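Peer 1: Quick one, structure-v2.pdb (PDB, C-alpha atoms):
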```
ATOM      1  CA  MET A 201       0.000   0.000   0.000
ATOM      2  CA  THR A 202       1.363   3.459  -0.945
ATOM      3  CA  ARG A 203       2.635   5.631   1.868
ATOM      4  CA  MET A 204       3.467   9.334   1.838
ATOM      5  CA  PRO A 205       7.123  10.324   2.295
ATOM      6  CA  LYS A 206       8.238  11.804   5.604
ATOM      7  CA  THR A 207       8.712  15.251   4.082
ATOM      8  CA  ALA A 208       5.116  15.309   2.860
ATOM      9  CA  LEU A 209       3.930  14.165   6.273
ATOM     10  CA  ALA A 210       5.976  16.914   7.911
ATOM     11  CA  VAL A 211       4.376  19.507   5.665
ATOM     12  CA  LEU A 212       0.848  18.274   6.360
ATOM     13  CA  ALA A 213       1.460  17.786  10.075
ATOM     14  CA  GLY A 214       2.939  21.265  10.248
ATOM     15  CA  ILE A 215      -0.148  22.810   8.703
ATOM     16  CA  VAL A 216      -2.412  20.876  11.083
ATOM     17  CA  LEU A 217      -0.411  21.879  14.153
ATOM     18  CA  VAL A 218      -0.215  25.496  13.023
ATOM     19  CA  ALA A 219      -3.995  25.431  12.696
ATOM     20  CA  ALA A 220      -4.394  23.784  16.103
ATOM     21  CA  GLY A 221      -2.106  26.325  17.710
ATOM     22  CA  ALA A 222      -3.866  29.179  15.983
ATOM     23  CA  CYS A 223      -7.274  28.066  17.225
ATOM     24  CA  SER A 224      -6.057  28.504  20.791
ATOM     25  CA  SER A 225      -3.933  31.629  20.296
ATOM     26  CA  GLY A 226      -4.498  35.337  20.489
ATOM     27  CA  GLY A 227      -5.948  37.763  22.995
ATOM     28  CA  SER A 228      -9.186  37.465  24.909
ATOM     29  CA  GLY A 229     -12.178  39.758  25.079
ATOM     30  CA  ALA A 230     -14.078  38.991  21.875
ATOM     31  CA  THR A 231     -16.553  41.481  20.523
ATOM     32  CA  GLY A 232     -18.671  38.847  18.805
ATOM     33  CA  ARG A 233     -17.259  39.167  15.284
ATOM     34  CA  PRO A 234     -15.552  36.137  13.700
ATOM     35  CA  GLY A 235     -12.091  35.949  15.185
ATOM     36  CA  SER A 236     -12.365  39.337  16.834
ATOM     37  CA  SER A 237     -10.639  40.123  20.104
ATOM     38  CA  VAL A 238      -8.053  42.451  21.457
ATOM     39  CA  ALA A 239      -5.045  42.616  19.174
ATOM     40  CA  GLY A 240      -2.807  39.586  19.443
ATOM     41  CA  PRO A 241       0.990  39.531  19.730
ATOM     42  CA  ALA A 242       2.755  42.130  17.587
ATOM     43  CA  ALA A 243       3.541  41.012  14.059
ATOM     44  CA  ASN A 244       5.076  42.577  10.983
ATOM     45  CA  GLN A 245       1.991  42.685   8.747
ATOM     46  CA  ASN A 246       4.233  42.630   5.663
ATOM     47  CA  ASP A 247       6.136  39.488   6.676
ATOM     48  CA  PRO A 248       4.275  36.133   6.399
ATOM     49  CA  ASN A 249       6.737  34.365   8.696
ATOM     50  CA  SER A 250       6.234  37.038  11.356
ATOM     51  CA  ILE A 251       2.464  36.634  11.070
ATOM     52  CA  ILE A 252       2.705  32.843  11.404
ATOM     53  CA  SER A 253       5.046  33.146  14.395
ATOM     54  CA  SER A 254       2.635  35.572  16.028
ATOM     55  CA  VAL A 255      -0.281  33.201  15.478
ATOM     56  CA  ILE A 256       1.349  30.230  17.158
ATOM     57  CA  SER A 257       3.157  32.079  19.953
ATOM     58  CA  GLY A 258       0.199  34.081  21.252
ATOM     59  CA  ALA A 259      -1.292  33.447  24.681
ATOM     60  CA  PRO A 260      -3.409  30.265  24.402
ATOM     61  CA  ASP A 261      -6.513  31.690  26.046
ATOM     62  CA  ALA A 262      -9.325  31.131  23.521
ATOM     63  CA  LYS A 263     -12.402  30.025  25.452
ATOM     64  CA  SER A 264     -14.339  28.611  22.496
ATOM     65  CA  PHE A 265     -14.642  28.620  18.719
ATOM     66  CA  HIS A 266     -16.738  27.250  15.854
ATOM     67  CA  ILE A 267     -15.009  25.100  13.240
ATOM     68  CA  LYS A 268     -16.093  23.775   9.861
ATOM     69  CA  ILE A 269     -14.117  21.329   7.712
ATOM     70  CA  ALA A 270     -15.404  20.931   4.163
ATOM     71  CA  VAL A 271     -14.012  18.252   1.841
ATOM     72  CA  SER A 272     -14.369  18.095  -1.929
ATOM     73  CA  GLY A 273     -12.858  16.183  -4.824
ATOM     74  CA  THR A 274     -12.870  12.730  -6.391
ATOM     75  CA  ILE A 275     -10.841   9.630  -5.501
ATOM     76  CA  LYS A 276     -10.292   7.284  -8.434
ATOM     77  CA  LYS A 277     -11.623   3.763  -8.085
ATOM     78  CA  GLU A 278      -8.270   2.235  -9.096
ATOM     79  CA  ALA A 279      -6.548   3.974  -6.184
ATOM     80  CA  LEU A 280      -9.285   2.809  -3.796
ATOM     81  CA  GLN A 281      -9.070  -0.747  -5.111
ATOM     82  CA  ALA A 282      -5.289  -0.760  -4.610
ATOM     83  CA  ALA A 283      -5.662   0.629  -1.081
ATOM     84  CA  ALA A 284      -8.363  -1.930  -0.253
ATOM     85  CA  ALA A 285      -6.174  -4.771  -1.537
ATOM     86  CA  GLY A 286      -3.307  -3.562   0.632
ATOM     87  CA  ALA A 287      -5.647  -3.457   3.647
ATOM     88  CA  GLY A 288      -6.897  -6.993   3.160
ATOM     89  CA  GLY A 289      -9.896  -6.191   1.008
ATOM     90  CA  ALA A 290     -11.441  -3.494   3.240
ATOM     91  CA  GLY A 291     -14.166  -5.834   4.415
ATOM     92  CA  GLY A 292     -15.175  -6.882   0.930
ATOM     93  CA  LEU A 293     -16.793  -3.553   0.005
ATOM     94  CA  PRO A 294     -17.512  -3.418  -3.751
ATOM     95  CA  ILE A 295     -15.497  -0.577  -5.291
ATOM     96  CA  THR A 296     -16.830  -0.208  -8.818
ATOM     97  CA  SER A 297     -16.652   3.552  -9.381
ATOM     98  CA  ASP A 298     -14.844   6.726  -8.396
ATOM     99  CA  VAL A 299     -15.850   8.240  -5.048
ATOM    100  CA  LYS A 300     -16.969  11.864  -5.042
ATOM    101  CA  LEU A 301     -16.305  13.708  -1.788
ATOM    102  CA  ASP A 302     -18.204  16.931  -2.542
ATOM    103  CA  GLY A 303     -20.550  17.772   0.312
ATOM    104  CA  THR A 304     -18.516  15.991   2.986
ATOM    105  CA  SER A 305     -18.258  18.159   6.084
ATOM    106  CA  ILE A 306     -17.544  18.210   9.802
ATOM    107  CA  GLU A 307     -18.862  21.196  11.722
ATOM    108  CA  GLY A 308     -19.450  22.186  15.317
ATOM    109  CA  ASP A 309     -18.373  23.980  18.472
ATOM    110  CA  VAL A 310     -15.337  23.555  20.686
ATOM    111  CA  ASP A 311     -15.674  24.721  24.292
ATOM    112  CA  VAL A 312     -12.069  24.856  25.452
ATOM    113  CA  ALA A 313     -12.863  26.271  28.882
ATOM    114  CA  ASN A 314     -15.201  23.370  29.750
ATOM    115  CA  GLU A 315     -13.315  20.674  27.804
ATOM    116  CA  ALA A 316     -16.292  19.925  25.579
ATOM    117  CA  VAL A 317     -16.835  19.386  21.852
ATOM    118  CA  HIS A 318     -19.894  18.855  19.641
ATOM    119  CA  LEU A 319     -19.311  18.006  15.969
ATOM    120  CA  ALA A 320     -21.708  16.877  13.232
ATOM    121  CA  LEU A 321     -20.608  14.761  10.249
ATOM    122  CA  ASN A 322     -22.201  14.696   6.808
ATOM    123  CA  VAL A 323     -21.035  12.422   3.982
ATOM    124  CA  PRO A 324     -22.742  12.178   0.574
ATOM    125  CA  GLY A 325     -24.035   8.817  -0.614
ATOM    126  CA  LEU A 326     -21.184   6.428  -1.462
ATOM    127  CA  PRO A 327     -21.812   3.801  -4.169
ATOM    128  CA  MET A 328     -20.016   1.107  -2.147
ATOM    129  CA  LEU A 329     -22.468   1.734   0.733
ATOM    130  CA  GLY A 330     -25.614   1.730  -1.370
ATOM    131  CA  GLY A 331     -25.630   5.444  -2.139
ATOM    132  CA  THR A 332     -27.258   6.411   1.156
ATOM    133  CA  PRO A 333     -25.963   9.672   2.689
ATOM    134  CA  ILE A 334     -24.235   9.232   6.029
ATOM    135  CA  THR A 335     -24.686  11.481   9.039
ATOM    136  CA  GLY A 336     -22.951  11.324  12.361
ATOM    137  CA  ASP A 337     -22.683  13.136  15.668
ATOM    138  CA  LEU A 338     -19.809  13.323  18.151
ATOM    139  CA  ILE A 339     -19.958  14.839  21.617
ATOM    140  CA  VAL A 340     -17.229  15.134  24.225
ATOM    141  CA  ALA A 341     -18.619  16.108  27.627
ATOM    142  CA  ASN A 342     -17.878  15.225  31.255
ATOM    143  CA  LYS A 343     -14.717  13.366  30.178
ATOM    144  CA  SER A 344     -16.792  10.953  28.073
ATOM    145  CA  LEU A 345     -17.141  10.483  24.325
ATOM    146  CA  TYR A 346     -20.565   9.968  22.733
ATOM    147  CA  TYR A 347     -20.944   9.175  19.045
ATOM    148  CA  LYS A 348     -23.505   7.874  16.597
ATOM    149  CA  VAL A 349     -23.495   7.116  12.866
ATOM    150  CA  SER A 350     -26.661   6.812  10.813
ATOM    151  CA  LEU A 351     -25.589   3.456   9.343
ATOM    152  CA  LEU A 352     -25.244   1.944  12.829
ATOM    153  CA  GLY A 353     -28.404   3.146  14.543
ATOM    154  CA  ALA A 354     -30.128   6.147  16.041
ATOM    155  CA  LYS A 355     -28.599   6.002  19.539
ATOM    156  CA  TYR A 356     -25.257   7.198  20.847
ATOM    157  CA  THR A 357     -22.467   4.911  21.968
ATOM    158  CA  LYS A 358     -20.679   6.072  25.100
ATOM    159  CA  ALA A 359     -16.956   5.612  25.766
ATOM    160  CA  ASP A 360     -14.829   6.800  28.674
ATOM    161  CA  LEU A 361     -12.065   9.018  27.325
ATOM    162  CA  GLY A 362      -9.547   7.725  29.849
ATOM    163  CA  SER A 363     -10.109   4.088  28.871
ATOM    164  CA  LEU A 364     -10.230   4.974  25.175
ATOM    165  CA  THR A 365      -6.929   6.852  25.116
ATOM    166  CA  SER A 366      -5.135   4.271  27.260
ATOM    167  CA  SER A 367      -5.935   1.579  24.676
ATOM    168  CA  LEU A 368      -4.325   3.516  21.812
ATOM    169  CA  PRO A 369      -0.752   2.765  20.651
ATOM    170  CA  VAL A 370       0.258   6.402  21.223
ATOM    171  CA  SER A 371       0.241   8.513  24.354
ATOM    172  CA  ILE A 372      -2.696  10.937  24.443
ATOM    173  CA  PRO A 373      -3.814  12.934  27.495
ATOM    174  CA  SER A 374      -7.025  11.629  29.033
ATOM    175  CA  SER A 375      -8.589  15.088  28.858
ATOM    176  CA  LEU A 376      -8.378  18.144  26.671
ATOM    177  CA  PRO A 377      -5.790  20.745  27.708
ATOM    178  CA  SER A 378      -7.124  23.434  30.001
ATOM    179  CA  PRO A 379      -6.771  27.087  29.010
ATOM    180  CA  GLY A 380      -3.677  28.766  30.328
ATOM    181  CA  ALA A 381      -0.225  29.975  29.376
ATOM    182  CA  SER A 382       1.299  26.461  29.515
ATOM    183  CA  ALA A 383      -1.424  24.626  27.589
ATOM    184  CA  LEU A 384       0.385  24.673  24.245
ATOM    185  CA  VAL A 385       4.047  24.722  25.304
ATOM    186  CA  GLY A 386       4.684  21.215  23.956
ATOM    187  CA  VAL A 387       2.643  21.872  20.846
ATOM    188  CA  THR A 388       4.484  25.073  19.989
ATOM    189  CA  ASP A 389       7.817  23.256  20.392
ATOM    190  CA  GLN A 390       6.638  20.669  17.875
ATOM    191  CA  ILE A 391       5.415  23.420  15.556
ATOM    192  CA  ALA A 392       8.850  25.051  15.620
ATOM    193  CA  GLN A 393      10.495  21.753  14.666
ATOM    194  CA  LEU A 394       7.971  21.030  11.929
ATOM    195  CA  ARG A 395       8.276  24.538  10.514
ATOM    196  CA  LYS A 396      12.030  23.959  10.180
ATOM    197  CA  GLN A 397      11.339  20.669   8.387
ATOM    198  CA  MET A 398       8.943  22.481   6.062
ATOM    199  CA  GLN A 399      11.571  25.133   5.330
ATOM    200  CA  ASP A 400      14.217  22.451   4.748
ATOM    201  CA  ALA A 401      11.804  20.804   2.298
ATOM    202  CA  GLY A 402      11.620  24.028   0.324
ATOM    203  CA  VAL A 403       8.217  25.274   1.494
ATOM    204  CA  VAL A 404       8.116  29.068   1.056
ATOM    205  CA  ALA A 405       5.464  31.328   2.618
ATOM    206  CA  THR A 406       4.288  34.351   0.614
ATOM    207  CA  LEU A 407       1.886  37.104   1.673
ATOM    208  CA  VAL A 408      -0.784  37.305  -1.039
ATOM    209  CA  GLY A 409      -2.723  40.252   0.390
ATOM    210  CA  VAL A 410      -5.640  41.145   2.643
ATOM    211  CA  GLU A 411      -9.044  39.527   2.058
ATOM    212  CA  SER A 412     -12.365  39.453   3.888
ATOM    213  CA  ILE A 413     -13.277  36.313   5.848
ATOM    214  CA  GLY A 414     -16.688  36.478   7.512
ATOM    215  CA  GLY A 415     -16.691  40.259   7.139
ATOM    216  CA  GLU A 416     -13.302  40.764   8.785
ATOM    217  CA  ASP A 417      -9.925  41.545   7.223
ATOM    218  CA  ALA A 418      -7.513  38.629   7.120
ATOM    219  CA  ASN A 419      -3.965  38.216   5.835
ATOM    220  CA  HIS A 420      -3.816  35.616   3.054
ATOM    221  CA  ILE A 421      -0.609  33.545   3.102
ATOM    222  CA  ASN A 422       0.300  30.998   0.420
ATOM    223  CA  PHE A 423       2.741  28.124   0.998
ATOM    224  CA  ALA A 424       4.626  27.095  -2.145
ATOM    225  CA  VAL A 425       4.821  23.292  -2.184
ATOM    226  CA  PRO A 426       7.988  21.905  -3.857
ATOM    227  CA  LEU A 427       6.411  19.207  -6.056
ATOM    228  CA  ASP A 428       9.721  18.082  -7.523
ATOM    229  CA  LYS A 429      11.115  17.240  -4.085
ATOM    230  CA  LEU A 430       7.913  15.549  -2.907
ATOM    231  CA  ASN A 431       7.621  13.455  -6.068
ATOM    232  CA  ALA A 432      11.302  12.534  -5.898
ATOM    233  CA  GLN A 433      10.820  11.192  -2.386
ATOM    234  CA  ILE A 434       7.661   9.329  -3.389
ATOM    235  CA  ALA A 435       9.491   7.700  -6.318
ATOM    236  CA  ALA A 436      12.385   6.743  -4.032
ATOM    237  CA  GLN A 437      10.174   4.717  -1.728
ATOM    238  CA  ALA A 438      10.051   1.050  -2.561
ATOM    239  CA  SER A 439       6.413   0.807  -1.453
ATOM    240  CA  ALA A 440       5.283   3.568  -3.799
ATOM    241  CA  GLY A 441       4.281   2.477  -7.288
ATOM    242  CA  PRO A 442       6.205   4.107 -10.145
ATOM    243  CA  SER A 443       3.033   5.693 -11.514
ATOM    244  CA  MET A 444       2.179   7.601  -8.333
ATOM    245  CA  LYS A 445       2.800  11.324  -8.746
ATOM    246  CA  ILE A 446       1.409  14.542  -7.309
ATOM    247  CA  ASP A 447       0.571  16.793 -10.259
ATOM    248  CA  SER A 448      -0.444  19.904  -8.316
ATOM    249  CA  ALA A 449      -0.722  21.025  -4.703
ATOM    250  CA  SER A 450      -1.447  24.245  -2.889
ATOM    251  CA  VAL A 451      -1.711  25.313   0.740
ATOM    252  CA  ASP A 452      -3.194  28.651   1.818
ATOM    253  CA  MET A 453      -3.835  30.189   5.227
ATOM    254  CA  TRP A 454      -5.843  33.243   6.280
ATOM    255  CA  VAL A 455      -5.188  34.970   9.624
ATOM    256  CA  TYR A 456      -7.485  37.617  11.136
ATOM    257  CA  LYS A 457      -5.513  40.875  11.227
ATOM    258  CA  ALA A 458      -7.153  42.250  14.373
ATOM    259  CA  SER A 459      -6.412  39.231  16.545
ATOM    260  CA  ASN A 460      -3.731  37.122  14.804
ATOM    261  CA  ARG A 461      -6.082  34.148  15.045
ATOM    262  CA  LEU A 462      -6.627  31.536  12.390
ATOM    263  CA  ALA A 463      -9.466  32.267   9.965
ATOM    264  CA  GLN A 464      -9.072  29.618   7.250
ATOM    265  CA  VAL A 465      -6.761  26.932   5.919
ATOM    266  CA  GLN A 466      -7.211  25.515   2.427
ATOM    267  CA  VAL A 467      -5.331  22.519   1.058
ATOM    268  CA  LYS A 468      -5.706  21.288  -2.526
ATOM    269  CA  GLY A 469      -4.007  18.482  -4.377
ATOM    270  CA  ALA A 470      -4.400  16.542  -7.603
ATOM    271  CA  SER A 471      -2.891  13.377  -9.062
ATOM    272  CA  SER A 472      -3.690  11.662 -12.337
ATOM    273  CA  THR A 473      -3.488   8.304 -10.569
ATOM    274  CA  LEU A 474      -5.138   9.093  -7.235
ATOM    275  CA  GLY A 475      -7.646  11.833  -8.057
ATOM    276  CA  ASP A 476      -8.083  15.280  -6.535
ATOM    277  CA  ILE A 477      -9.009  16.535  -3.096
ATOM    278  CA  GLY A 478      -9.674  19.857  -1.418
ATOM    279  CA  ILE A 479      -9.945  20.594   2.305
ATOM    280  CA  LEU A 480     -11.193  23.928   3.644
ATOM    281  CA  ILE A 481     -11.033  24.623   7.398
ATOM    282  CA  THR A 482     -12.855  27.738   8.624
ATOM    283  CA  VAL A 483     -12.721  28.963  12.226
ATOM    284  CA  THR A 484     -15.161  31.609  13.495
ATOM    285  CA  GLY A 485     -16.978  32.648  16.659
ATOM    286  CA  TYR A 486     -13.947  32.874  18.931
ATOM    287  CA  ASP A 487     -14.972  33.212  22.593
ATOM    288  CA  LYS A 488     -18.688  33.258  21.836
ATOM    289  CA  PRO A 489     -20.893  31.388  24.340
ATOM    290  CA  VAL A 490     -21.444  27.750  23.328
ATOM    291  CA  SER A 491     -23.505  25.019  24.956
ATOM    292  CA  VAL A 492     -22.340  21.397  24.801
ATOM    293  CA  ALA A 493     -24.167  18.773  26.844
ATOM    294  CA  ALA A 494     -24.112  14.990  27.002
ATOM    295  CA  PRO A 495     -27.049  13.191  25.308
ATOM    296  CA  ALA A 496     -30.080  12.281  27.394
ATOM    297  CA  ALA A 497     -29.860   8.849  29.013
ATOM    298  CA  GLY A 498     -32.651   7.534  26.764
ATOM    299  CA  ASP A 499     -30.604   8.431  23.667
ATOM    300  CA  ILE A 500     -27.606   6.325  24.702
ATOM    301  CA  ALA A 501     -27.380   2.665  23.697
ATOM    302  CA  PRO A 502     -27.018   0.168  26.564
TER     303      PRO A 502
END
```
Would it be possible to restate this file's structure as structure tokens?
Peer 2:
Amino acid sequence: MTRMPKTALAVLAGIVLVAAGACSSGGSGATGRPGSSVAGPAANQNDPNSIISSVISGAPDAKSFHIKIAVSGTIKKEALQAAAAGAGGAGGLPITSDVKLDGTSIEGDVDVANEAVHLALNVPGLPMLGGTPITGDLIVANKSLYYKVSLLGAKYTKADLGSLTSSLPVSIPSSLPSPGASALVGVTDQIAQLRKQMQDAGVVATLVGVESIGGEDANHINFAVPLDKLNAQIAAQASAGPSMKIDSASVDMWVYKASNRLAQVQVKGASSTLGDIGILITVTGYDKPVSVAAPAAGDIAP
């Protein structure tokens, strides 16, 4: 089964961690506008690297935010069939056509102060699953995880976060980090290392200009992805087929000027062998009141 090279993983992981750090960075005291608050750490508004540094080094005191992840694109059936074969057949699901991802989304609220999350999932009908749209719901409250998927029934399944994380092959804290100056110390250290890896890989950040996101000015930063280096590493891996190649890729980030908080991240990629995919992450409603509660007892499966 094809695996991505370490450099590509570093680039993607860096973007994810930058986004995660940005969601919890900046000043407090929101006025109710998307991303609005008192001005964040000083940044040179003409230097993209200064803006990024300001985003991830700000005081991690965001109390809440609203996030939406929208996915689009098409995955070719041949790539899915090869992946399924490498995973032992993927449960025998019939893959007879390309899979269109348009309309796939995850959206909801994150209450950092109360360590709670409520996200809704929507997936368009997949041919291999009978073409029926899939919906799902995930709630984290009172140190427990509740989730339900339309294909599996109408009631939530409950799992204790402590037991769940202890069974994973990686070390994950049993609860979400609490707000405070030390909440993202480890994360920001990792971001610094990953940013160096991204720079070593030839990723260059360029300030495109100022654009409006949700009615508020935001700096638009583009990351130039070195396709030649990524494809060279893919070709060098024994597990990667000779025909696998990334034809185009782009990564863009928008940062609210008034608060140095993340507004959007957009990632696009295309391959003649794999297909194309686009991911758009939008963060709004910083520090607005949110209400996340566990499901009623009657809505939880025994």
Peer 1: Please indicate the distance in Å from atom CA of Asp476 of chain A to atom CA of Ile413 of chain A, rounded to one decimal place.
Peer 2: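 Distance reported for this atom pair: 25.0 Å.
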Peer 1: Calculate, to one decimal in Å, the centre and edge lengths of the box along x, y and z of the file that holds all listed atoms of segment 486-491 of chain A with 5 Å of margin on each side, and present them as AutoDock Vina command-line options.
Peer 2:
```
--center_x -18.7 --center_y 29.1 --center_z 21.9 --size_x 19.6 --size_y 18.2 --size_z 16.0
```
Peer 1: Report, in Å to a single decimal, how far apart atom CA of Ser344 of chain A and atom CA of Asp360 of chain A are.
Peer 2: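 Atom CA of Ser344 of chain A lies at a distance of 4.6 Å from atom CA of Asp360 of chain A.
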Peer 1: Env of segment 307-322 of chain A: 10 Å cut, atoms = all atoms listed in the file, seq-sep filter 5 positions within chain, self excluded. Answer as a PyMOL selection string.
Peer 2: chain A and resi 223-224+261-270+333-350+375-380+481-494
Peer 1: Taking into account all atoms listed in the file, which residue in the set A:Ala463, A:Leu329, A:Val410, A:Ile446 is nearest to Ser297 of chain A?
Peer 2: A:Leu329
Peer 1: Would you mind reading off the distance between atom CA of Leu280 of chain A and atom CA of Lys300 of chain A, one decimal, in Å?
Peer 2: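 Computing the Euclidean distance for atom CA of Leu280 of chain A and atom CA of Lys300 of chain A yields 11.9 Å.
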Peer 1: Decode the PyMOL selection byres ((chain A and resi 417) around 12) for the given file into explicit residues and return them as a list in words.
Peer 2: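 On the file shown, the PyMOL selection byres ((chain A and resi 417) around 12) covers Arg233, Pro234, Gly235, Ser236, Gly409, Val410, Glu411, Ser412, Ile413, Gly414, Gly415, Glu416, Ala418, Asn419, His420, Trp454, Val455, Tyr456, Lys457, Ala458, Ser459, Asn460, Arg461, Leu462, Ala463 and Gln464 of chain A.
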Peer 1: Take segment 264-283 of chain A, bring it up to N, CA and C atoms, and give me the output as a PDB file, in the frame of the given file.
Peer 2:
```
ATOM      1  N   SER A 264     -13.496  29.446  23.359  1.00  0.00           N
ATOM      2  CA  SER A 264     -14.339  28.611  22.496  1.00  0.00           C
ATOM      3  C   SER A 264     -14.177  29.063  21.054  1.00  0.00           C
ATOM      4  N   PHE A 265     -14.605  28.238  20.122  1.00  0.00           N
ATOM      5  CA  PHE A 265     -14.642  28.620  18.719  1.00  0.00           C
ATOM      6  C   PHE A 265     -15.525  27.648  17.955  1.00  0.00           C
ATOM      7  N   HIS A 266     -15.937  28.078  16.755  1.00  0.00           N
ATOM      8  CA  HIS A 266     -16.738  27.250  15.854  1.00  0.00           C
ATOM      9  C   HIS A 266     -15.848  26.853  14.687  1.00  0.00           C
ATOM     10  N   ILE A 267     -15.873  25.581  14.313  1.00  0.00           N
ATOM     11  CA  ILE A 267     -15.009  25.100  13.240  1.00  0.00           C
ATOM     12  C   ILE A 267     -15.823  24.340  12.206  1.00  0.00           C
ATOM     13  N   LYS A 268     -15.470  24.531  10.944  1.00  0.00           N
ATOM     14  CA  LYS A 268     -16.093  23.775   9.861  1.00  0.00           C
ATOM     15  C   LYS A 268     -15.003  23.261   8.935  1.00  0.00           C
ATOM     16  N   ILE A 269     -15.051  21.959   8.641  1.00  0.00           N
ATOM     17  CA  ILE A 269     -14.117  21.329   7.712  1.00  0.00           C
ATOM     18  C   ILE A 269     -14.928  20.806   6.544  1.00  0.00           C
ATOM     19  N   ALA A 270     -14.687  21.353   5.366  1.00  0.00           N
ATOM     20  CA  ALA A 270     -15.404  20.931   4.163  1.00  0.00           C
ATOM     21  C   ALA A 270     -14.432  20.212   3.236  1.00  0.00           C
ATOM     22  N   VAL A 271     -14.860  19.072   2.712  1.00  0.00           N
ATOM     23  CA  VAL A 271     -14.012  18.252   1.841  1.00  0.00           C
ATOM     24  C   VAL A 271     -14.669  18.131   0.473  1.00  0.00           C
ATOM     25  N   SER A 272     -13.869  18.247  -0.574  1.00  0.00           N
ATOM     26  CA  SER A 272     -14.369  18.095  -1.929  1.00  0.00           C
ATOM     27  C   SER A 272     -13.352  17.323  -2.754  1.00  0.00           C
ATOM     28  N   GLY A 273     -13.774  16.888  -3.939  1.00  0.00           N
ATOM     29  CA  GLY A 273     -12.858  16.183  -4.824  1.00  0.00           C
ATOM     30  C   GLY A 273     -13.361  14.800  -5.207  1.00  0.00           C
ATOM     31  N   THR A 274     -12.525  14.071  -5.919  1.00  0.00           N
ATOM     32  CA  THR A 274     -12.870  12.730  -6.391  1.00  0.00           C
ATOM     33  C   THR A 274     -11.669  11.806  -6.231  1.00  0.00           C
ATOM     34  N   ILE A 275     -11.882  10.644  -5.635  1.00  0.00           N
ATOM     35  CA  ILE A 275     -10.841   9.630  -5.501  1.00  0.00           C
ATOM     36  C   ILE A 275     -11.107   8.545  -6.544  1.00  0.00           C
ATOM     37  N   LYS A 276     -10.114   8.252  -7.351  1.00  0.00           N
ATOM     38  CA  LYS A 276     -10.292   7.284  -8.434  1.00  0.00           C
ATOM     39  C   LYS A 276     -10.474   5.868  -7.886  1.00  0.00           C
ATOM     40  N   LYS A 277     -11.316   5.108  -8.566  1.00  0.00           N
ATOM     41  CA  LYS A 277     -11.623   3.763  -8.085  1.00  0.00           C
ATOM     42  C   LYS A 277     -10.391   2.869  -8.075  1.00  0.00           C
ATOM     43  N   GLU A 278      -9.471   3.065  -9.050  1.00  0.00           N
ATOM     44  CA  GLU A 278      -8.270   2.235  -9.096  1.00  0.00           C
ATOM     45  C   GLU A 278      -7.406   2.439  -7.851  1.00  0.00           C
ATOM     46  N   ALA A 279      -7.321   3.688  -7.386  1.00  0.00           N
ATOM     47  CA  ALA A 279      -6.548   3.974  -6.184  1.00  0.00           C
ATOM     48  C   ALA A 279      -7.212   3.350  -4.958  1.00  0.00           C
ATOM     49  N   LEU A 280      -8.552   3.414  -4.910  1.00  0.00           N
ATOM     50  CA  LEU A 280      -9.285   2.809  -3.796  1.00  0.00           C
ATOM     51  C   LEU A 280      -9.151   1.293  -3.806  1.00  0.00           C
ATOM     52  N   GLN A 281      -9.205   0.703  -5.001  1.00  0.00           N
ATOM     53  CA  GLN A 281      -9.070  -0.747  -5.111  1.00  0.00           C
ATOM     54  C   GLN A 281      -7.684  -1.194  -4.657  1.00  0.00           C
ATOM     55  N   ALA A 282      -6.645  -0.420  -5.030  1.00  0.00           N
ATOM     56  CA  ALA A 282      -5.289  -0.760  -4.610  1.00  0.00           C
ATOM     57  C   ALA A 282      -5.135  -0.624  -3.105  1.00  0.00           C
ATOM     58  N   ALA A 283      -5.733   0.436  -2.528  1.00  0.00           N
ATOM     59  CA  ALA A 283      -5.662   0.629  -1.081  1.00  0.00           C
ATOM     60  C   ALA A 283      -6.410  -0.475  -0.350  1.00  0.00           C
TER      61      ALA A 283
END
```
